>>> print(open('start_19.cif').read())   # mmCIF, C-alpha atoms and all ligand atoms
data_structure
loop_
_atom_site.label_atom_id
_atom_site.label_comp_id
_atom_site.auth_asym_id
_atom_site.auth_seq_id
_atom_site.Cartn_x
_atom_site.Cartn_y
_atom_site.Cartn_z
CA MET A 57 -0.14 -73.60 62.61
CA ILE A 58 -2.96 -73.07 60.14
CA TYR A 59 -3.18 -69.57 58.74
CA PHE A 60 -6.63 -68.31 57.68
CA ASP A 61 -5.82 -64.61 58.09
CA ASN A 62 -4.49 -63.71 54.65
CA ASN A 63 -6.34 -60.37 54.48
CA ALA A 64 -4.26 -59.18 57.45
CA THR A 65 -0.98 -60.22 55.89
CA THR A 66 0.50 -63.18 54.01
CA GLN A 67 3.42 -65.54 54.21
CA VAL A 68 6.39 -64.35 52.12
CA ALA A 69 6.66 -66.71 49.14
CA PRO A 70 9.97 -68.63 49.13
CA GLY A 71 10.79 -67.27 45.64
CA VAL A 72 10.28 -63.74 46.96
CA PHE A 73 12.73 -64.29 49.80
CA GLU A 74 15.32 -65.66 47.34
CA ALA A 75 14.84 -62.64 45.05
CA MET A 76 15.34 -60.23 47.96
CA LYS A 77 18.40 -61.95 49.43
CA THR A 78 20.66 -60.96 46.52
CA PHE A 79 20.15 -57.28 47.33
CA LEU A 80 20.92 -57.74 51.02
CA THR A 81 24.20 -59.50 50.30
CA HIS A 82 26.39 -58.93 47.25
CA ALA A 83 24.16 -56.71 45.05
CA TYR A 84 24.11 -53.80 47.49
CA GLY A 85 24.71 -50.96 44.98
CA ASN A 86 22.75 -47.76 44.77
CA PRO A 87 20.54 -47.73 41.65
CA SER A 88 21.59 -44.11 41.01
CA SER A 89 25.31 -44.99 40.83
CA ALA A 90 27.06 -44.86 37.48
CA HIS A 91 29.17 -48.03 37.95
CA ASP A 92 28.30 -51.56 36.92
CA LEU A 93 27.03 -52.53 40.38
CA GLY A 94 24.64 -49.58 40.27
CA HIS A 95 23.51 -50.50 36.74
CA SER A 96 22.69 -54.06 37.69
CA VAL A 97 20.66 -52.91 40.68
CA ARG A 98 18.87 -50.29 38.56
CA LYS A 99 17.93 -53.03 36.10
CA ALA A 100 16.39 -55.05 38.94
CA VAL A 101 14.31 -52.04 40.01
CA SER A 102 13.06 -51.59 36.43
CA GLU A 103 12.15 -55.27 36.15
CA ALA A 104 10.21 -55.13 39.42
CA ARG A 105 8.35 -52.04 38.22
CA GLN A 106 7.38 -53.89 35.04
CA SER A 107 6.09 -56.88 37.07
CA VAL A 108 3.92 -54.63 39.21
CA ALA A 109 2.65 -52.86 36.07
CA ASN A 110 1.74 -56.28 34.65
CA LEU A 111 -0.12 -57.29 37.81
CA LEU A 112 -2.22 -54.12 37.63
CA GLY A 113 -2.67 -54.12 33.86
CA ALA A 114 -1.07 -50.66 33.70
CA SER A 115 -0.18 -49.13 30.32
CA GLY A 116 3.48 -49.11 31.27
CA PRO A 117 6.00 -49.24 34.13
CA ASP A 118 6.21 -45.44 34.42
CA GLU A 119 2.73 -45.47 35.92
CA ILE A 120 4.07 -47.32 38.99
CA VAL A 121 5.81 -45.55 41.89
CA PHE A 122 7.13 -47.51 44.85
CA THR A 123 6.07 -46.48 48.36
CA SER A 124 6.53 -47.97 51.82
CA CYS A 125 3.05 -49.51 52.23
CA GLY A 126 -0.62 -49.32 51.32
CA THR A 127 -1.27 -46.61 53.88
CA GLU A 128 1.36 -44.37 52.36
CA SER A 129 -0.04 -44.95 48.86
CA ASP A 130 -3.56 -44.11 50.04
CA ASN A 131 -2.41 -41.00 51.91
CA TRP A 132 -0.28 -39.73 49.03
CA ALA A 133 -3.02 -40.32 46.45
CA ILE A 134 -5.57 -38.38 48.50
CA LEU A 135 -3.35 -35.53 49.67
CA GLY A 136 -1.74 -35.24 46.23
CA ALA A 137 -5.12 -34.97 44.52
CA LEU A 138 -6.15 -32.19 46.93
CA GLU A 139 -2.88 -30.33 46.49
CA ALA A 140 -3.23 -30.51 42.71
CA ASN A 141 -6.68 -28.87 42.86
CA PRO A 142 -6.56 -26.37 45.74
CA GLY A 143 -9.79 -24.55 44.84
CA LYS A 144 -12.09 -27.53 45.32
CA LYS A 145 -13.11 -28.72 48.77
CA HIS A 146 -15.50 -31.67 48.36
CA ILE A 147 -14.49 -35.34 48.73
CA VAL A 148 -16.65 -38.44 48.20
CA THR A 149 -15.80 -41.71 49.95
CA THR A 150 -17.59 -44.55 51.75
CA ARG A 151 -18.13 -45.44 55.39
CA VAL A 152 -16.52 -48.85 54.91
CA GLU A 153 -13.05 -47.76 53.79
CA HIS A 154 -9.92 -48.98 55.56
CA GLU A 155 -8.62 -46.59 58.21
CA ALA A 156 -5.84 -45.48 55.86
CA VAL A 157 -8.53 -43.65 53.88
CA ARG A 158 -11.25 -43.18 56.50
CA LYS A 159 -9.13 -41.55 59.20
CA LEU A 160 -7.41 -39.26 56.72
CA CYS A 161 -10.80 -38.11 55.36
CA GLU A 162 -12.02 -37.53 58.95
CA LYS A 163 -8.98 -35.34 59.54
CA LEU A 164 -9.54 -33.46 56.27
CA GLN A 165 -13.14 -32.87 57.31
CA LYS A 166 -11.89 -31.19 60.50
CA ASN A 167 -9.54 -29.10 58.37
CA GLY A 168 -12.18 -27.53 56.15
CA TYR A 169 -13.01 -30.17 53.54
CA GLU A 170 -16.57 -31.34 53.06
CA VAL A 171 -16.79 -35.12 52.90
CA THR A 172 -19.77 -37.11 51.60
CA TRP A 173 -19.73 -40.50 53.38
CA LEU A 174 -21.59 -43.07 51.31
CA ASP A 175 -23.47 -45.86 53.06
CA VAL A 176 -23.72 -49.45 51.89
CA ASP A 177 -26.78 -51.67 52.11
CA SER A 178 -27.10 -54.76 54.29
CA ASP A 179 -25.32 -56.97 51.76
CA GLY A 180 -22.48 -54.48 51.52
CA SER A 181 -23.25 -52.95 48.11
CA LEU A 182 -23.00 -49.30 47.20
CA GLU A 183 -26.08 -47.59 45.84
CA LEU A 184 -24.74 -46.21 42.53
CA GLU A 185 -27.58 -43.74 41.98
CA GLN A 186 -26.94 -42.21 45.39
CA PHE A 187 -23.25 -42.14 44.49
CA GLN A 188 -23.89 -40.30 41.22
CA LYS A 189 -26.04 -37.72 43.03
CA SER A 190 -23.21 -37.01 45.47
CA LEU A 191 -20.90 -35.70 42.71
CA ARG A 192 -20.66 -31.91 42.40
CA SER A 193 -18.78 -29.31 40.42
CA ASP A 194 -16.46 -28.74 43.42
CA THR A 195 -15.80 -32.47 44.01
CA VAL A 196 -12.04 -32.82 43.93
CA LEU A 197 -11.66 -36.51 44.68
CA VAL A 198 -13.57 -39.77 44.92
CA SER A 199 -11.86 -42.51 46.94
CA VAL A 200 -13.44 -45.96 47.00
CA MET A 201 -11.92 -49.33 47.78
CA LEU A 202 -11.99 -52.26 45.35
CA ALA A 203 -12.12 -55.11 47.90
CA ASN A 204 -13.25 -54.69 51.48
CA ASN A 205 -10.65 -56.14 53.85
CA GLU A 206 -13.26 -57.35 56.37
CA THR A 207 -15.96 -58.82 54.15
CA GLY A 208 -14.21 -59.29 50.80
CA ILE A 209 -17.03 -57.38 49.08
CA LEU A 210 -16.00 -55.92 45.72
CA PHE A 211 -17.14 -52.47 44.63
CA PRO A 212 -17.71 -52.06 40.87
CA VAL A 213 -14.86 -49.56 40.51
CA GLU A 214 -14.82 -49.64 36.70
CA GLU A 215 -18.47 -48.59 36.62
CA ILE A 216 -17.85 -46.04 39.38
CA ALA A 217 -14.95 -44.60 37.35
CA GLU A 218 -17.27 -44.06 34.38
CA ILE A 219 -19.83 -42.32 36.60
CA VAL A 220 -17.10 -40.08 38.08
CA LYS A 221 -15.76 -39.10 34.67
CA SER A 222 -19.13 -38.45 33.04
CA ASN A 223 -20.51 -36.41 35.96
CA SER A 224 -17.54 -34.47 37.36
CA ASP A 225 -13.91 -33.37 36.93
CA ALA A 226 -12.90 -35.20 40.10
CA LEU A 227 -9.91 -37.54 40.32
CA PHE A 228 -10.73 -41.14 41.16
CA HIS A 229 -8.57 -43.07 43.63
CA VAL A 230 -9.08 -46.76 44.34
CA ASP A 231 -7.70 -48.49 47.43
CA GLY A 232 -6.78 -51.81 45.84
CA VAL A 233 -4.68 -53.06 48.75
CA ASN A 234 -6.80 -56.11 49.54
CA ALA A 235 -7.60 -56.86 45.90
CA ALA A 236 -4.22 -56.92 44.14
CA GLY A 237 -2.98 -60.47 43.68
CA LYS A 238 -6.40 -61.90 44.56
CA ILE A 239 -8.39 -60.94 41.46
CA PRO A 240 -7.33 -59.94 37.93
CA ILE A 241 -6.92 -56.18 37.49
CA ASP A 242 -6.68 -54.30 34.18
CA LEU A 243 -6.26 -50.59 34.90
CA LYS A 244 -5.43 -49.52 31.34
CA ASN A 245 -9.01 -50.26 30.33
CA THR A 246 -10.54 -48.19 33.12
CA ALA A 247 -10.85 -44.49 33.95
CA ILE A 248 -9.20 -44.99 37.37
CA ASP A 249 -6.57 -42.31 38.08
CA LEU A 250 -4.83 -43.64 41.19
CA PHE A 251 -4.63 -47.17 42.62
CA SER A 252 -2.89 -48.27 45.85
CA ILE A 253 -1.36 -51.66 46.59
CA SER A 254 0.80 -53.29 49.28
CA ALA A 255 3.15 -56.26 48.79
CA HIS A 256 2.50 -58.00 52.11
CA LYS A 257 -1.07 -58.75 51.02
CA PHE A 258 0.13 -60.91 48.12
CA HIS A 259 3.04 -62.90 49.55
CA GLY A 260 5.59 -60.10 49.34
CA PRO A 261 7.45 -58.42 52.21
CA LYS A 262 6.04 -55.83 54.58
CA GLY A 263 7.25 -52.25 54.17
CA ILE A 264 6.77 -51.91 50.41
CA GLY A 265 3.80 -50.80 48.40
CA ALA A 266 3.12 -48.96 45.18
CA LEU A 267 0.89 -46.25 43.81
CA TYR A 268 -0.37 -46.43 40.24
CA ILE A 269 -0.56 -42.92 38.80
CA ARG A 270 -2.33 -42.84 35.44
CA ASP A 271 -0.06 -41.64 32.62
CA GLY A 272 -0.47 -37.88 32.12
CA LEU A 273 -1.73 -37.19 35.64
CA ASN A 274 0.49 -34.62 37.30
CA LEU A 275 0.30 -35.69 40.95
CA PRO A 276 2.42 -33.47 43.24
CA PRO A 277 5.46 -35.39 44.51
CA HIS A 278 5.27 -37.29 47.77
CA SER A 279 8.69 -36.14 48.89
CA ILE A 280 11.29 -33.71 47.63
CA GLY A 281 14.93 -34.70 47.71
CA GLY A 282 17.22 -36.73 45.52
CA GLY A 283 14.81 -37.04 42.61
CA GLN A 284 14.37 -40.82 42.74
CA GLU A 285 11.24 -42.37 41.22
CA ARG A 286 11.39 -39.67 38.52
CA GLY A 287 11.11 -36.95 41.14
CA ARG A 288 7.87 -38.30 42.57
CA ARG A 289 9.07 -40.06 45.73
CA ALA A 290 12.59 -39.14 46.71
CA GLY A 291 14.85 -41.31 48.87
CA THR A 292 17.29 -44.07 47.93
CA GLU A 293 15.25 -46.98 46.67
CA ALA A 294 14.71 -49.91 49.09
CA VAL A 295 16.03 -52.25 46.44
CA HIS A 296 15.56 -55.53 48.34
CA GLN A 297 11.94 -54.57 49.08
CA ILE A 298 11.36 -53.52 45.49
CA ALA A 299 12.80 -56.83 44.26
CA GLY A 300 10.41 -58.50 46.72
CA ILE A 301 7.27 -56.76 45.47
CA GLY A 302 8.35 -57.41 41.87
CA LYS A 303 8.77 -61.14 42.45
CA ALA A 304 5.56 -61.29 44.50
CA ALA A 305 3.66 -59.60 41.64
CA GLU A 306 5.14 -62.01 39.09
CA LEU A 307 4.18 -65.05 41.18
CA ALA A 308 0.72 -63.67 41.99
CA MET A 309 0.01 -63.31 38.24
CA LYS A 310 0.83 -67.00 37.78
CA HIS A 311 -1.63 -68.01 40.49
CA LEU A 312 -4.57 -65.90 39.30
CA PRO A 313 -7.54 -66.40 39.23
CA LEU A 314 -7.10 -68.34 42.53
CA SER A 315 -9.52 -71.08 41.46
CA GLU A 316 -8.31 -73.56 44.07
CA VAL A 317 -8.51 -70.96 46.86
CA ARG A 318 -12.06 -70.20 45.70
CA ARG A 319 -13.01 -73.88 45.72
CA LEU A 320 -11.68 -74.33 49.27
CA ARG A 321 -13.33 -71.12 50.50
CA ASP A 322 -16.68 -72.11 48.97
CA LYS A 323 -16.53 -75.54 50.58
CA PHE A 324 -15.53 -74.03 53.93
CA GLU A 325 -18.24 -71.37 53.86
CA ASP A 326 -21.01 -73.76 52.72
CA GLU A 327 -20.10 -76.28 55.40
CA ILE A 328 -20.23 -73.68 58.21
CA LEU A 329 -23.49 -72.13 57.05
CA ASN A 330 -25.16 -75.50 56.43
CA THR A 331 -24.00 -77.41 59.49
CA ILE A 332 -23.42 -74.93 62.34
CA PRO A 333 -26.72 -73.52 63.65
CA ASN A 334 -27.18 -69.75 64.05
CA THR A 335 -24.50 -68.72 61.61
CA LYS A 336 -24.90 -65.96 59.02
CA LEU A 337 -22.77 -64.72 56.18
CA ASN A 338 -21.93 -61.02 56.39
CA GLY A 339 -22.06 -59.64 52.87
CA THR A 340 -23.69 -60.65 49.65
CA SER A 341 -24.28 -64.33 48.93
CA ASP A 342 -23.45 -63.57 45.28
CA ARG A 343 -19.90 -64.85 45.30
CA SER A 344 -19.02 -63.06 42.06
CA LYS A 345 -19.23 -59.84 44.10
CA ARG A 346 -16.75 -60.99 46.74
CA LEU A 347 -13.06 -61.86 46.85
CA PRO A 348 -12.45 -65.56 46.22
CA ASN A 349 -10.67 -66.06 49.57
CA THR A 350 -12.82 -64.33 52.20
CA SER A 351 -15.77 -65.39 54.38
CA ASN A 352 -17.03 -63.11 57.13
CA ILE A 353 -19.40 -65.18 59.25
CA SER A 354 -21.37 -64.29 62.36
CA PHE A 355 -21.89 -66.85 65.11
CA THR A 356 -25.01 -65.23 66.52
CA GLY A 357 -24.98 -64.43 70.24
CA MET A 358 -21.38 -65.55 70.69
CA ASN A 359 -18.25 -63.54 71.42
CA GLY A 360 -15.96 -63.59 68.39
CA GLU A 361 -12.94 -62.82 70.58
CA VAL A 362 -13.51 -66.05 72.55
CA ILE A 363 -13.87 -68.12 69.38
CA LEU A 364 -10.70 -66.50 68.04
CA ALA A 365 -8.80 -67.28 71.25
CA MET A 366 -9.91 -70.93 71.23
CA LEU A 367 -9.03 -71.35 67.57
CA ASP A 368 -5.67 -69.77 68.36
CA GLN A 369 -5.09 -72.36 71.10
CA ALA A 370 -5.71 -75.02 68.46
CA GLY A 371 -3.08 -73.36 66.25
CA ILE A 372 -5.53 -71.67 63.89
CA CYS A 373 -5.18 -67.97 62.99
CA VAL A 374 -8.28 -65.97 62.09
CA SER A 375 -9.49 -62.43 62.74
CA THR A 376 -12.55 -60.83 64.25
CA GLY A 377 -12.43 -57.90 61.85
CA SER A 378 -9.73 -55.69 60.50
CA ALA A 379 -6.42 -56.55 62.23
CA CYS A 380 -6.08 -52.90 63.20
CA ASN A 381 -9.18 -53.35 65.40
CA ALA A 382 -7.86 -56.41 67.22
CA GLU A 383 -7.27 -54.58 70.50
CA VAL A 384 -10.54 -52.68 70.46
CA GLN A 385 -13.76 -54.37 71.65
CA LYS A 386 -16.20 -52.36 69.63
CA MET A 387 -18.38 -53.04 66.65
CA SER A 388 -16.55 -52.83 63.36
CA PRO A 389 -17.60 -49.70 61.40
CA VAL A 390 -17.94 -51.91 58.32
CA LEU A 391 -20.51 -54.23 59.93
CA GLU A 392 -22.17 -51.26 61.63
CA THR A 393 -22.65 -49.51 58.27
CA MET A 394 -24.14 -52.74 56.89
CA ASN A 395 -26.67 -52.62 59.77
CA ILE A 396 -25.58 -55.99 61.10
CA PRO A 397 -27.28 -56.42 64.52
CA PHE A 398 -24.93 -56.06 67.51
CA THR A 399 -25.33 -59.72 68.61
CA ASP A 400 -24.27 -60.86 65.14
CA ALA A 401 -21.48 -58.32 64.76
CA MET A 402 -19.84 -59.26 68.09
CA GLY A 403 -19.75 -62.89 66.99
CA ALA A 404 -18.28 -62.17 63.55
CA ILE A 405 -15.15 -63.96 62.39
CA ARG A 406 -13.22 -63.20 59.23
CA PHE A 407 -11.67 -66.26 57.59
CA SER A 408 -9.31 -65.32 54.75
CA LEU A 409 -7.62 -68.13 52.87
CA GLY A 410 -4.52 -68.02 50.72
CA ARG A 411 -2.70 -70.05 48.12
CA TYR A 412 -0.77 -72.12 50.68
CA ASN A 413 -3.91 -73.51 52.37
CA THR A 414 -4.85 -77.12 51.72
CA GLU A 415 -8.03 -79.21 51.77
CA GLU A 416 -6.77 -81.00 54.90
CA GLU A 417 -6.44 -77.65 56.66
CA VAL A 418 -9.98 -76.68 55.67
CA ASP A 419 -11.29 -79.98 57.06
CA PHE A 420 -9.29 -79.59 60.28
CA VAL A 421 -10.49 -76.00 60.88
CA LEU A 422 -14.08 -77.04 60.19
CA SER A 423 -13.95 -79.85 62.73
CA LYS A 424 -12.26 -77.67 65.39
CA LEU A 425 -14.71 -74.84 64.78
CA LYS A 426 -17.75 -77.12 65.14
CA GLN A 427 -16.37 -78.51 68.37
CA ILE A 428 -15.53 -75.06 69.80
CA VAL A 429 -18.92 -73.56 68.91
CA THR A 430 -20.77 -76.59 70.33
CA ASP A 431 -18.75 -76.50 73.58
CA LEU A 432 -19.17 -72.74 74.02
CA ARG A 433 -22.90 -72.86 73.33
CA LYS A 434 -23.32 -75.60 75.94
CA MET A 435 -21.76 -73.24 78.50
CA GLN A 436 -24.13 -70.39 77.58
CA PRO A 437 -27.00 -69.83 80.07
N1 LIG A 501 -6.22 -50.56 52.60
C1 LIG A 501 -6.77 -51.77 52.81
C2 LIG A 501 -8.06 -52.14 52.13
C3 LIG A 501 -6.14 -52.68 53.67
O1 LIG A 501 -6.70 -53.88 53.88
C4 LIG A 501 -4.93 -52.30 54.30
C5 LIG A 501 -4.27 -53.21 55.27
O2 LIG A 501 -4.92 -53.94 55.99
C6 LIG A 501 -4.39 -51.03 54.02
C7 LIG A 501 -5.07 -50.20 53.16
C8 LIG A 501 -3.11 -50.59 54.63
O3 LIG A 501 -2.01 -51.27 54.04
P1 LIG A 501 -0.59 -51.33 54.77
O4 LIG A 501 -0.72 -52.25 55.91
O5 LIG A 501 0.36 -51.85 53.72
O6 LIG A 501 -0.25 -49.93 55.15
#
>>> encode(input="start_19.cif", output="C-alpha cells", more="lines below")
Ligand code: PLP
Amino acid sequence: MIYFDNNATTQVAPGVFEAMKTFLTHAYGNPSSAHDLGHSVRKAVSEARQSVANLLGASGPDEIVFTSCGTESDNWAILGALEANPGKKHIVTTRVEHEAVRKLCEKLQKNGYEVTWLDVDSDGSLELEQFQKSLRSDTVLVSVMLANNETGILFPVEEIAEIVKSNSDALFHVDGVNAAGKIPIDLKNTAIDLFSISAHKFHGPKGIGALYIRDGLNLPPHSIGGGQERGRRAGTEAVHQIAGIGKAAELAMKHLPLSEVRRLRDKFEDEILNTIPNTKLNGTSDRSKRLPNTSNISFTGMNGEVILAMLDQAGICVSTGSACNAEVQKMSPVLETMNIPFTDAMGAIRFSLGRYNTEEEVDFVLSKLKQIVTDLRKMQP
C-alpha cells in the first residue's frame, strides 16, 4: 500500500507506539494519585505537555490543555470565547474552514449570533482589507485556520492576529490541526489567543488533541468535575494518549521543516502538471503559501471518485477532498468558494504526502496515475 492521504490521518510512528505501550501495561497509575506509581505517570503527562508546548512554540507547558481531538479543541475554543464575553454577538470566520468550525458557526448563526463569512479568491487567499473591514466593536471572536486541509493553503495568521488586536477586542482562534507538525510554529511571538491541534495528523494516535490557551486568558472550563488539567478539562487523563501526542510532537520537531517531503511533493506536482494534459493546480502556485506536503489537482472533465477507486485498486490511497466528504458526491465548499468550475472540482484529487513516503513511491504513483488517466480518457465519448 502507498499512502498519499496524510491530511486525513497519518501512520502512528513506531516510537509513538512504544511510548504509549508503557501506560497500557505496567504504568497504569492515575496521575492524581499520591503514590509512586501516580507520581511517575504524572511526570510523563508533564513531559508530554512540554513537548507539545515546544512543537507550538508556546511560552510554557501551562498554555497546553489536552483534549480528545481537533474537533473538541475547535469547539471548546469557540464556545469558550463566546461564554467569556456574553454581551457580544458577532463572529468572523471564513467559508473554507473545516466542518469542526464551519458547522458550529452555522449552528451559532441559527442561535442568534451574527457570523461574517469571509470569501477567498481563486488562488485560495484571504483578502486582508476585507477582513479588517469585517471587524466591529461587538466582534467577540475571529476563527481562521492556518492550513487548509483540502488545498494546503496557508493563511497569514500572524498578520491576521495583528489586525484583530489593533482593530478590535475580539479573541483570535486558529485551527492549526492540519498545520502542526508540518510547518514550524512559534505562538509565543504572535497575538494568537487559542490554537487547536490533533495528534493523528502528525503521526500520533487518534483520540487525542490539545488546545493552546494563551497565558492570562481566562477561558471558561470545558468540563466541570475532578479538576484535572488545572480545572480546565476535567476527567482522568488518557495517559497513554497523552504520552502518544507528546512523543509524536517530539519526533515531529526533529523532522521539521519537512524538506524531503517538500522535494518529493514538488517533483510529484510538477510531473503531473507538466506531463498529464488538462490538469490544474487548485490553490496558489506560490509554494511558500502552501503546506509542503499537499497538492490538490483537478483532472478536468473526469470524475475524481473513479480515479480514486482505480488508484485504490492499485494500492494507492488518496482523497477527493476532505475525508469527511468522502460519502457525499457534491462539490467541496472549499473549491466552490475558490470559484473552481464544476468540471474541475469534480475531478479534483488531494494528494498529501508524509515523512514515510519515498521517491520510489512517488515514481510508482506517477506512472499508475498517468496510465489510469490515459485509459479513462480513452473511454470518454
Ligand atoms: N480542523 C482541520 C483543519 C482538520 O483537517 C481536521 C481533521 O481533518 C479537524 C479540524 C478535526 O480534527 P479531528 O479529526 O482530530 O477531530
>>> residues_near_ligand(input="start_19.cif", ligand="ligand LIG 501 (chain A)", cutoff="10 Å", atoms="only C-alpha atoms and all ligand atoms", output="PyMOL selection string")
chain A and resi 62-65+123-131+152-158+200-206+208+230-235+252-257+261-266+378-380
>>> closest_residue(input="start_19.cif", among="A:Leu320, A:Ile405, A:Ala308, A:Val390", to="Ser181 (chain A)", atoms="only C-alpha atoms")
A:Val390
>>> residues_around(input="start_19.cif", residues="region 77-81 of chain A", least_positions_apart="4", cutoff="12 Å", atoms="all atoms listed in the file", output="ChimeraX atom specification")
/A:70-73,85-87,93-94,96-98,100-101,261,293-300,303
>>> write_last_selection(input="start_19.cif", atoms="C-alpha atoms", output="short mmCIF file (atom, residue, chain, number, x, y, z; two decimals), in the frame of the given file")
data_model
loop_
_atom_site.label_atom_id
_atom_site.label_comp_id
_atom_site.auth_asym_id
_atom_site.auth_seq_id
_atom_site.Cartn_x
_atom_site.Cartn_y
_atom_site.Cartn_z
CA PRO A 70 9.97 -68.63 49.13
CA GLY A 71 10.79 -67.27 45.64
CA VAL A 72 10.28 -63.74 46.96
CA PHE A 73 12.73 -64.29 49.80
CA GLY A 85 24.71 -50.96 44.98
CA ASN A 86 22.75 -47.76 44.77
CA PRO A 87 20.54 -47.73 41.65
CA LEU A 93 27.03 -52.53 40.38
CA GLY A 94 24.64 -49.58 40.27
CA SER A 96 22.69 -54.06 37.69
CA VAL A 97 20.66 -52.91 40.68
CA ARG A 98 18.87 -50.29 38.56
CA ALA A 100 16.39 -55.05 38.94
CA VAL A 101 14.31 -52.04 40.01
CA PRO A 261 7.45 -58.42 52.21
CA GLU A 293 15.25 -46.98 46.67
CA ALA A 294 14.71 -49.91 49.09
CA VAL A 295 16.03 -52.25 46.44
CA HIS A 296 15.56 -55.53 48.34
CA GLN A 297 11.94 -54.57 49.08
CA ILE A 298 11.36 -53.52 45.49
CA ALA A 299 12.80 -56.83 44.26
CA GLY A 300 10.41 -58.50 46.72
CA LYS A 303 8.77 -61.14 42.45
#
>>> atom_distance(input="start_19.cif", atom1="CA of Cys373 (chain A)", atom2="CA of Tyr59 (chain A)")
5.0 Å
>>> atom_distance(input="start_19.cif", atom1="CA of Thr430 (chain A)", atom2="CA of Leu409 (chain A)")
23.4 Å
>>> closest_residue(input="start_19.cif", among="A:Met358, A:Ile372, A:Leu364, A:Leu314", to="Tyr412 (chain A)", atoms="all atoms listed in the file")
A:Leu314
>>> residues_around(input="start_19.cif", residues="Val148 (chain A)", least_positions_apart="4", cutoff="9 Å", atoms="all atoms listed in the file", output="PDB file with C-alpha atoms, in the coordinates of the input")
ATOM      1  CA  GLU A 170     -16.570 -31.340  53.060  1.00  0.00           C
ATOM      2  CA  VAL A 171     -16.790 -35.120  52.900  1.00  0.00           C
ATOM      3  CA  THR A 172     -19.770 -37.110  51.600  1.00  0.00           C
ATOM      4  CA  TRP A 173     -19.730 -40.500  53.380  1.00  0.00           C
ATOM      5  CA  LEU A 174     -21.590 -43.070  51.310  1.00  0.00           C
ATOM      6  CA  PHE A 187     -23.250 -42.140  44.490  1.00  0.00           C
ATOM      7  CA  SER A 190     -23.210 -37.010  45.470  1.00  0.00           C
ATOM      8  CA  LEU A 191     -20.900 -35.700  42.710  1.00  0.00           C
ATOM      9  CA  THR A 195     -15.800 -32.470  44.010  1.00  0.00           C
ATOM     10  CA  VAL A 196     -12.040 -32.820  43.930  1.00  0.00           C
ATOM     11  CA  LEU A 197     -11.660 -36.510  44.680  1.00  0.00           C
ATOM     12  CA  VAL A 198     -13.570 -39.770  44.920  1.00  0.00           C
ATOM     13  CA  SER A 199     -11.860 -42.510  46.940  1.00  0.00           C
ATOM     14  CA  VAL A 200     -13.440 -45.960  47.000  1.00  0.00           C
TER      15      VAL A 200
END
